[in-house]
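Content type mmCIF, C-alpha atoms, from the file model.cif:
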```cif
data_final
#
loop_
_atom_site.label_atom_id
_atom_site.label_comp_id
_atom_site.auth_asym_id
_atom_site.auth_seq_id
_atom_site.Cartn_x
_atom_site.Cartn_y
_atom_site.Cartn_z
CA MET A 1 1.54 15.05 -19.45
CA ARG A 2 0.37 12.53 -16.90
CA GLU A 3 3.43 10.52 -15.92
CA SER A 4 3.74 6.98 -14.63
CA TRP A 5 7.11 6.19 -13.12
CA GLY A 6 8.87 2.95 -13.66
CA GLY A 7 10.92 3.37 -16.86
CA VAL A 8 14.23 5.07 -17.44
CA GLY A 9 14.14 8.88 -17.61
CA VAL A 10 15.49 12.07 -16.13
CA LEU A 11 15.59 12.97 -12.45
CA ALA A 12 12.87 15.62 -12.19
CA GLU A 13 12.57 18.03 -9.32
CA LEU A 14 9.58 19.75 -7.73
CA ALA A 15 10.78 22.69 -5.66
CA PHE A 16 9.09 23.60 -2.37
CA SER A 17 8.85 26.93 -0.62
CA ALA A 18 7.68 27.12 2.98
CA ASN A 19 4.24 27.98 1.60
CA ASP A 20 4.26 24.93 -0.68
CA LEU A 21 5.19 22.64 2.20
CA ALA A 22 2.39 24.14 4.30
CA GLN A 23 -0.08 23.24 1.53
CA VAL A 24 0.78 19.54 1.24
CA ARG A 25 -2.41 17.57 1.88
CA PHE A 26 -4.03 14.18 1.33
CA ALA A 27 -7.30 13.37 -0.43
CA VAL A 28 -9.24 10.18 -1.13
CA SER A 29 -10.55 10.63 -4.68
CA PRO A 30 -13.23 8.39 -6.22
CA MET A 31 -12.26 9.49 -9.74
CA TRP A 32 -8.65 8.38 -9.29
CA GLN A 33 -10.03 4.95 -8.36
CA VAL A 34 -12.34 4.99 -11.38
CA ALA A 35 -9.61 5.83 -13.88
CA THR A 36 -6.95 3.49 -12.52
CA SER A 37 -9.33 0.58 -11.91
CA PHE A 38 -10.83 0.88 -15.39
CA ARG A 39 -7.35 0.76 -16.89
CA LEU A 40 -6.56 -2.31 -14.81
CA LEU A 41 -9.84 -4.00 -15.69
CA THR A 42 -9.51 -3.53 -19.44
CA GLY A 43 -5.83 -4.48 -19.54
CA ARG A 44 -4.25 -7.88 -19.01
CA ALA A 45 -5.74 -9.59 -15.94
CA GLY A 46 -2.54 -11.53 -15.38
CA ALA A 47 -0.66 -8.28 -14.84
CA SER A 48 -2.34 -7.80 -11.45
CA PRO A 49 -2.70 -11.02 -9.45
CA VAL A 50 -3.61 -9.01 -6.34
CA HIS A 51 -6.81 -7.78 -8.00
CA ARG A 52 -7.70 -10.99 -9.84
CA PRO A 53 -10.71 -11.80 -7.56
CA TRP A 54 -12.17 -8.35 -8.23
CA ILE A 55 -11.44 -8.53 -11.97
CA GLU A 56 -13.10 -11.93 -12.30
CA GLN A 57 -16.25 -10.65 -10.59
CA VAL A 58 -16.47 -7.25 -12.28
CA ARG A 59 -15.26 -7.73 -15.84
CA PRO A 60 -18.34 -9.74 -16.98
CA ARG A 61 -20.65 -7.00 -15.69
CA VAL A 62 -18.69 -4.25 -17.40
CA VAL A 63 -18.60 -6.17 -20.70
CA ALA A 64 -22.33 -6.97 -20.50
CA ALA A 65 -23.05 -3.25 -20.04
CA GLY A 66 -20.88 -2.37 -23.05
CA LEU A 67 -18.67 -0.09 -20.99
CA ASP A 68 -15.53 -1.73 -22.34
CA ARG A 69 -16.47 -0.28 -25.75
CA GLY A 70 -17.74 3.14 -24.69
CA ARG A 71 -16.41 6.64 -24.20
CA LEU A 72 -14.58 5.77 -21.02
CA ALA A 73 -12.69 3.01 -22.85
CA GLU A 74 -11.56 5.53 -25.46
CA LEU A 75 -10.53 8.07 -22.82
CA VAL A 76 -8.65 5.58 -20.61
CA PRO A 77 -6.49 3.34 -22.83
CA PRO A 78 -4.74 0.29 -21.34
CA THR A 79 -1.42 2.19 -21.20
CA GLY A 80 -0.11 5.70 -21.53
CA PHE A 81 -1.75 9.07 -21.06
CA PHE A 82 -5.34 9.59 -20.00
CA PRO A 83 -6.91 13.07 -19.76
CA TYR A 84 -6.26 15.29 -16.78
CA PHE A 85 -9.88 16.43 -16.72
CA LEU A 86 -10.93 12.95 -15.53
CA THR A 87 -9.14 13.52 -12.21
CA PRO A 88 -9.97 17.07 -11.11
CA ALA A 89 -8.10 18.25 -8.02
CA PRO A 90 -10.21 17.32 -4.96
CA THR A 91 -11.28 20.42 -3.02
CA GLY A 92 -11.54 18.50 0.25
CA PRO A 93 -10.13 15.41 1.93
CA ALA A 94 -12.82 13.02 0.67
CA PRO A 95 -15.08 14.36 -2.09
CA ALA A 96 -18.12 12.35 -3.15
CA LEU A 97 -18.20 10.93 -6.66
CA ALA A 98 -21.08 13.29 -7.49
CA ASP A 99 -18.90 16.29 -6.63
CA GLU A 100 -16.09 15.08 -8.87
CA LEU A 101 -18.49 14.35 -11.73
CA ALA A 102 -19.83 17.90 -11.39
CA ALA A 103 -16.26 19.20 -11.60
CA ILE A 104 -15.69 17.16 -14.77
CA ARG A 105 -18.84 18.57 -16.37
CA ALA A 106 -17.63 22.07 -15.48
CA THR A 107 -14.19 21.61 -17.08
CA ASP A 108 -13.07 24.49 -19.28
CA PRO A 109 -13.66 23.42 -22.91
CA ASP A 110 -10.12 24.45 -23.84
CA ARG A 111 -8.79 22.08 -21.16
CA VAL A 112 -10.83 19.23 -22.59
CA ARG A 113 -9.61 19.91 -26.13
CA HIS A 114 -6.00 20.19 -24.97
CA ASP A 115 -6.21 16.84 -23.19
CA LEU A 116 -7.91 15.17 -26.15
CA ASP A 117 -5.25 16.49 -28.51
CA HIS A 118 -2.59 15.07 -26.23
CA LEU A 119 -4.44 11.74 -26.07
CA ALA A 120 -4.57 11.63 -29.88
CA HIS A 121 -0.83 12.33 -30.02
CA HIS A 122 -0.20 9.20 -27.95
CA GLN A 123 -3.04 6.90 -29.07
CA GLY A 124 -3.70 7.91 -32.66
CA PRO A 125 -6.72 9.52 -34.36
CA PRO A 126 -9.84 9.58 -32.17
CA GLY A 127 -13.11 7.88 -33.02
CA PRO A 128 -16.38 9.71 -33.69
CA ARG A 129 -17.37 9.94 -30.00
CA LEU A 130 -14.15 11.67 -28.98
CA ARG A 131 -14.31 13.90 -32.05
CA SER A 132 -17.80 14.90 -30.94
CA LEU A 133 -16.50 15.57 -27.42
CA HIS A 134 -13.70 17.70 -28.87
CA HIS A 135 -16.19 19.67 -30.96
CA ASP A 136 -18.62 20.41 -28.12
CA PRO A 137 -17.24 19.54 -24.66
CA GLN A 138 -19.97 21.29 -22.73
CA ALA A 139 -22.70 19.21 -24.37
CA ARG A 140 -20.85 15.87 -24.42
CA LEU A 141 -19.21 15.77 -21.00
CA ALA A 142 -22.57 14.85 -19.46
CA ARG A 143 -22.52 11.60 -21.46
CA VAL A 144 -19.00 10.86 -20.23
CA THR A 145 -20.05 11.33 -16.61
CA GLN A 146 -23.11 9.13 -17.17
CA GLU A 147 -20.81 6.31 -18.26
CA ILE A 148 -18.55 6.92 -15.29
CA ASP A 149 -21.52 6.74 -12.94
CA ALA A 150 -22.66 3.47 -14.56
CA TYR A 151 -19.15 2.03 -14.22
CA TRP A 152 -19.00 3.10 -10.58
CA GLU A 153 -22.24 1.28 -9.75
CA LEU A 154 -21.08 -1.91 -11.46
CA ALA A 155 -17.41 -2.03 -10.51
CA LEU A 156 -16.66 0.04 -7.42
CA ALA A 157 -19.75 0.96 -5.40
CA PRO A 158 -20.36 -2.61 -4.09
CA TYR A 159 -16.74 -2.71 -2.89
CA TRP A 160 -16.33 0.90 -1.84
CA ALA A 161 -16.55 0.31 1.92
CA ARG A 162 -13.62 -2.11 1.66
CA ILE A 163 -11.59 0.09 -0.71
CA ARG A 164 -12.27 3.23 1.30
CA ALA A 165 -11.11 1.52 4.50
CA VAL A 166 -7.72 0.74 2.91
CA LEU A 167 -7.32 4.30 1.61
CA ASP A 168 -8.37 5.89 4.90
CA THR A 169 -5.99 3.63 6.83
CA ASP A 170 -3.14 4.72 4.58
CA VAL A 171 -3.91 8.40 5.14
CA LEU A 172 -4.19 7.88 8.90
CA HIS A 173 -0.80 6.14 8.98
CA ARG A 174 0.87 8.97 7.08
CA ALA A 175 -0.87 11.62 9.18
CA ARG A 176 0.65 10.00 12.25
CA GLN A 177 4.04 10.12 10.50
CA VAL A 178 3.59 13.84 9.95
CA ALA A 179 2.71 14.33 13.61
CA ALA A 180 5.69 12.30 14.80
CA HIS A 181 8.37 13.20 12.26
CA GLY A 182 7.15 16.02 10.01
CA ALA A 183 6.00 16.23 6.39
CA GLY A 184 9.53 15.74 5.05
CA ARG A 185 9.67 12.18 6.41
CA VAL A 186 6.36 11.34 4.78
CA LEU A 187 7.51 12.65 1.41
CA ASP A 188 10.82 10.83 1.66
CA GLU A 189 9.19 7.49 2.51
CA LEU A 190 6.19 7.75 0.19
CA HIS A 191 7.66 5.61 -2.62
CA ALA A 192 10.98 4.27 -3.86
CA SER A 193 10.77 6.70 -6.81
CA VAL A 194 10.53 9.77 -4.56
CA ARG A 195 13.26 11.46 -2.52
CA TRP A 196 13.01 14.55 -0.32
CA ASP A 197 16.13 16.66 0.31
CA GLY A 198 14.66 19.40 2.50
CA ASN A 199 13.96 21.85 -0.32
CA ALA A 200 12.63 19.78 -3.22
CA LEU A 201 10.95 16.52 -4.10
CA HIS A 202 13.09 14.50 -6.52
CA LEU A 203 11.07 12.33 -8.89
CA VAL A 204 13.23 9.44 -10.05
CA ARG A 205 12.65 7.95 -13.53
CA ARG A 206 10.20 10.66 -14.53
CA SER A 207 10.56 11.32 -18.24
CA ARG A 208 9.80 15.04 -18.11
CA PRO A 209 10.78 17.85 -15.73
CA MET A 210 8.27 19.24 -13.25
CA PRO A 211 9.21 22.87 -12.55
CA ARG A 212 7.20 24.66 -9.89
CA THR A 213 6.41 27.38 -12.45
CA ALA A 214 4.34 24.81 -14.37
CA THR A 215 2.24 23.78 -11.36
CA GLY A 216 0.04 25.30 -8.69
CA PRO A 217 1.20 25.66 -5.07
CA GLY A 218 1.58 22.80 -2.61
CA LEU A 219 1.11 19.12 -3.38
CA LEU A 220 -1.94 16.85 -3.33
CA LEU A 221 -1.20 13.25 -2.29
CA VAL A 222 -3.81 10.73 -3.41
CA PRO A 223 -3.64 7.10 -2.21
CA SER A 224 -4.90 4.61 -4.77
CA ALA A 225 -5.88 0.96 -4.65
CA PHE A 226 -5.36 0.38 -8.36
CA THR A 227 -2.22 2.17 -9.59
CA GLY A 228 -0.06 -0.92 -9.12
CA PRO A 229 3.53 -0.29 -8.05
CA ARG A 230 3.84 2.96 -9.99
CA LEU A 231 3.13 6.60 -9.26
CA LEU A 232 0.99 8.88 -11.43
CA THR A 233 1.16 12.66 -11.52
CA THR A 234 -0.82 15.53 -12.95
CA GLN A 235 0.08 19.20 -13.20
CA VAL A 236 -2.68 21.61 -14.20
CA PRO A 237 -2.15 25.08 -12.75
CA PRO A 238 -3.57 26.84 -10.84
CA ASP A 239 -4.41 23.56 -9.05
CA PRO A 240 -1.69 21.91 -6.96
CA PRO A 241 0.17 19.03 -8.62
CA GLN A 242 -1.34 15.66 -7.82
CA LEU A 243 0.63 12.54 -6.99
CA ALA A 244 -1.33 9.27 -6.93
CA TYR A 245 0.60 6.55 -5.11
CA PRO A 246 -0.11 2.92 -4.16
CA ALA A 247 -1.82 2.76 -0.79
CA ARG A 248 -0.48 0.56 1.99
CA GLY A 249 -2.45 -2.64 2.56
CA VAL A 250 -3.68 -3.13 -1.02
CA GLY A 251 -2.37 -6.70 -0.92
CA THR A 252 -5.03 -7.59 1.67
CA LEU A 253 -7.88 -5.77 -0.09
CA TRP A 254 -9.66 -8.87 -1.37
CA ALA A 255 -8.77 -11.21 1.50
CA PRO A 256 -11.77 -12.84 3.25
CA GLY A 257 -13.26 -10.85 6.08
CA PRO A 258 -12.85 -11.67 9.77
CA GLY A 259 -14.23 -15.00 10.92
CA ALA A 260 -16.77 -13.89 13.48
CA ASP A 261 -18.35 -16.24 16.01
CA PRO A 262 -21.71 -17.04 14.37
CA GLU A 263 -23.32 -17.96 17.67
CA ALA A 264 -22.43 -14.64 19.27
CA LEU A 265 -23.79 -12.65 16.34
CA SER A 266 -26.84 -14.87 15.93
CA ALA A 267 -27.92 -14.00 19.46
CA VAL A 268 -28.14 -10.39 18.34
CA LEU A 269 -29.04 -10.50 14.64
CA GLY A 270 -30.60 -13.93 14.26
CA ARG A 271 -29.08 -16.93 12.49
CA SER A 272 -30.24 -16.12 8.96
CA ARG A 273 -29.15 -12.47 9.01
CA THR A 274 -25.76 -13.48 10.44
CA LEU A 275 -25.38 -16.12 7.73
CA LEU A 276 -26.08 -13.55 5.01
CA LEU A 277 -23.57 -11.08 6.44
CA THR A 278 -20.82 -13.68 6.55
CA GLU A 279 -21.64 -14.72 2.96
CA LEU A 280 -21.20 -11.15 1.72
CA ASP A 281 -17.41 -11.23 1.64
CA THR A 282 -18.08 -10.54 -2.03
CA PRO A 283 -21.17 -8.69 -3.27
CA ALA A 284 -23.98 -10.98 -4.38
CA SER A 285 -27.56 -10.92 -5.62
CA THR A 286 -30.59 -12.30 -3.81
CA THR A 287 -30.61 -15.36 -6.09
CA GLN A 288 -26.92 -16.05 -5.49
CA LEU A 289 -27.32 -15.74 -1.73
CA ALA A 290 -30.34 -18.03 -1.72
CA HIS A 291 -28.38 -20.65 -3.67
CA ARG A 292 -25.36 -20.42 -1.37
CA THR A 293 -27.24 -20.38 1.93
CA GLY A 294 -30.23 -22.64 1.25
CA LEU A 295 -32.62 -19.88 2.33
CA SER A 296 -35.61 -19.09 0.15
CA PRO A 297 -35.29 -16.07 -2.19
CA ALA A 298 -38.23 -14.43 -0.42
CA GLY A 299 -36.57 -14.95 2.95
CA VAL A 300 -33.23 -13.62 1.70
CA SER A 301 -34.98 -10.52 0.34
CA GLN A 302 -36.74 -9.94 3.67
CA TYR A 303 -33.56 -10.32 5.71
CA LEU A 304 -31.54 -8.09 3.36
CA THR A 305 -34.17 -5.38 3.64
CA ALA A 306 -33.83 -5.49 7.44
CA LEU A 307 -30.02 -5.42 7.24
CA ARG A 308 -30.14 -2.53 4.81
CA ARG A 309 -32.42 -0.53 7.10
CA ALA A 310 -29.95 -1.17 9.92
CA GLY A 311 -27.08 0.21 7.81
CA LEU A 312 -25.29 -3.14 7.58
CA VAL A 313 -25.90 -3.80 3.88
CA SER A 314 -25.94 -1.59 0.78
CA ALA A 315 -27.62 -2.30 -2.57
CA HIS A 316 -26.23 -1.52 -6.03
CA ARG A 317 -27.86 -1.92 -9.43
CA ALA A 318 -25.91 -4.20 -11.82
CA GLY A 319 -27.85 -4.56 -15.04
CA ARG A 320 -31.04 -6.47 -14.27
CA SER A 321 -29.75 -7.57 -10.88
CA VAL A 322 -29.16 -5.84 -7.58
CA LEU A 323 -25.92 -6.63 -5.79
CA TYR A 324 -25.80 -6.46 -2.01
CA ALA A 325 -22.62 -5.65 -0.13
CA ARG A 326 -21.56 -5.30 3.49
CA THR A 327 -21.08 -1.76 4.73
CA ALA A 328 -18.17 -0.52 6.81
CA ALA A 329 -20.43 -0.76 9.88
CA ALA A 330 -21.01 -4.46 9.18
CA ASP A 331 -17.28 -5.10 8.78
CA THR A 332 -16.70 -3.38 12.12
CA LEU A 333 -19.37 -5.56 13.73
CA LEU A 334 -17.81 -8.72 12.33
CA ARG A 335 -14.35 -7.72 13.51
CA ALA A 336 -15.70 -7.00 16.99
CA ALA A 337 -17.41 -10.40 17.10
CA SER A 338 -14.23 -12.07 15.89
CA ALA A 339 -12.14 -10.35 18.58
CA ALA A 340 -14.61 -11.36 21.28
CA ASP A 341 -14.52 -15.01 20.20
#
```
This structure in structure tokens:
Amino acid sequence: MRESWGGVGVLAELAFSANDLAQVRFAVSPMWQVATSFRLLTGRAGASPVHRPWIEQVRPRVVAAGLDRGRLAELVPPTGFFPYFLTPAPTGPAPALADELAAIRATDPDRVRHDLDHLAHHQGPPGPRLRSLHHDPQARLARVTQEIDAYWELALAPYWARIRAVLDTDVLHRARQVAAHGAGRVLDELHASVRWDGNALHLVRRSRPMPRTATGPGLLLVPSAFTGPRLLTTQVPPDPPQLAYPARGVGTLWAPGPGADPEALSAVLGRSRTLLLTELDTPASTTQLAHRTGLSPAGVSQYLTALRRAGLVSAHRAGRSVLYARTAAADTLLRAASAAD
């Protein structure tokens, strides 16, 4: 089963051969962010003060779209197990969401049924939508991925540049650790619940054993912005076991962006475009930006179109509105202007 560590349990052990150690790798997975963020969003907001700004912005959109009452809500309960097939093993270091959704749609029907049976064991009898999915996974998985895609556009896509920067920074830090000290140091310092002894990874407070015979080779390490303080694991051979761990820097994820010198940027972008970029610390619609800046809606739309063409702003459908967000390139520009101030 998928484990979250934090309670009292046995000391599990994942053995490593030289070949297993050679196959330890990192991956930034959109689907791990989908599953863990959805769980966080539909649980108790007070349980995650770090993410409260995001929750307060996103929850109304998700509720308005009915996604809190859909298939994804049944598949990802507030606590406990959620199906392995929702987090397929990434085949590369940073798969696109579309690639992971394709992998979900291609899941072996027996795998889907096995996971749904396990979910029912923990959560009780399934509703009609999950019974339909159990009956015909190949036909119904497309509807699941459609909901996931809708959730992504509402809840994660407008913030992805910021989230991705935190995850990439975590991977870069640990890659430097590997270069300086070796993979063993990285495994030993990954989390308080993990200990490396040179031959095996000891998983403290894991409620079930994790023998290498029940997993694929190697280990896939997945940084997450939304797991909270715990670790999550999956083991679905022949894929490598996955370990999703809290990324470094999550505490600063929703902090305001760098305070750039508006005069310096205005000389390059113009005053109105600079004003809009600085206002996009949180994604906003044209109407919201017009209200906050005093610019006309038509002017805001014109300036956002120019910023989007320049790769500084992205647009994301949210119901009847379009939310605009700064891109990673815009954040880099603002940091550079702040440093030059």
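Considering the residues A:Tyr324, A:Tyr303, A:Trp54, A:Tyr151 and counting all atoms listed in the file, Ser272 of chain A has its shortest atom-to-atom contact with A:Tyr303.
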**Prompt:** A:Leu133, A:Leu41, A:Leu231, A:Val186: which is nearest Pro77 of chain A, counting all atoms listed in the file?
**Reply:** A:Leu41
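Note that atom CA of Arg105 of chain A and atom CA of Thr145 of chain A are 7.3 Å apart.
Among the candidate residues A:Arg176, A:His135, A:Arg162, A:Arg113, the one lying nearest to Trp254 of chain A is A:Arg162, with distances computed using all atoms listed in the file.
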**Message:** Could you list, as a ChimeraX atom specification, every residue within 7 Å of Gly43 of chain A, counting all atoms listed in the file and ignoring same-chain residues fewer than 3 positions away?
**Reply:** /A:39-40,78
**Item:** Residues selected by the PyMOL selection byres ((chain A and resi 144) around 12), written as a PyMOL selection string
**Value:** chain A and resi 67+70-76+85-86+101-102+104-105+112+129-130+132-133+137-143+145-151
**Selection dump of the PyMOL selection byres ((chain A and resi 217) around 8), as a list of chain:residue names** = A:Asn19, A:Asp20, A:Gln23, A:Arg212, A:Thr215, A:Gly216, A:Gly218, A:Leu219, A:Pro238, A:Asp239, A:Pro240, A:Pro241
**Answer key for the PyMOL selection byres ((chain A and resi 91) around 12), residues as number ranges by chain** = A: 25-29, 87-90, 92-96, 99-100, 103, 220, 239-240
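Here the question is which of A:Arg248, A:Arg185, A:Arg131, A:Arg111 gets nearest to His173 of chain A using only C-alpha atoms, and that residue is A:Arg248.
In this model, the gap between atom CA of Val50 of chain A and atom CA of Gly80 of chain A comes to 21.4 Å.
The shell of residues at most 12 Å from Ala255 of chain A, with only C-alpha atoms counted and near chain neighbours (fewer than 4 positions) removed, consists of Val50, His51, Arg52, Pro53, Trp54, Arg162, Ile163, Gly249, Val250, Gly251, Gly259, Asp281 and Thr282 of chain A.
With only the atoms specified (all atoms listed in the file) counting, those residues at most 9 Å away from (-11.4, -10.4, -18.0) are Leu41, Thr42, Gly43, Arg44, Ala45, Arg52, Ile55, Glu56, Gln57, Val58, Arg59, Pro60 and Val63 of chain A.
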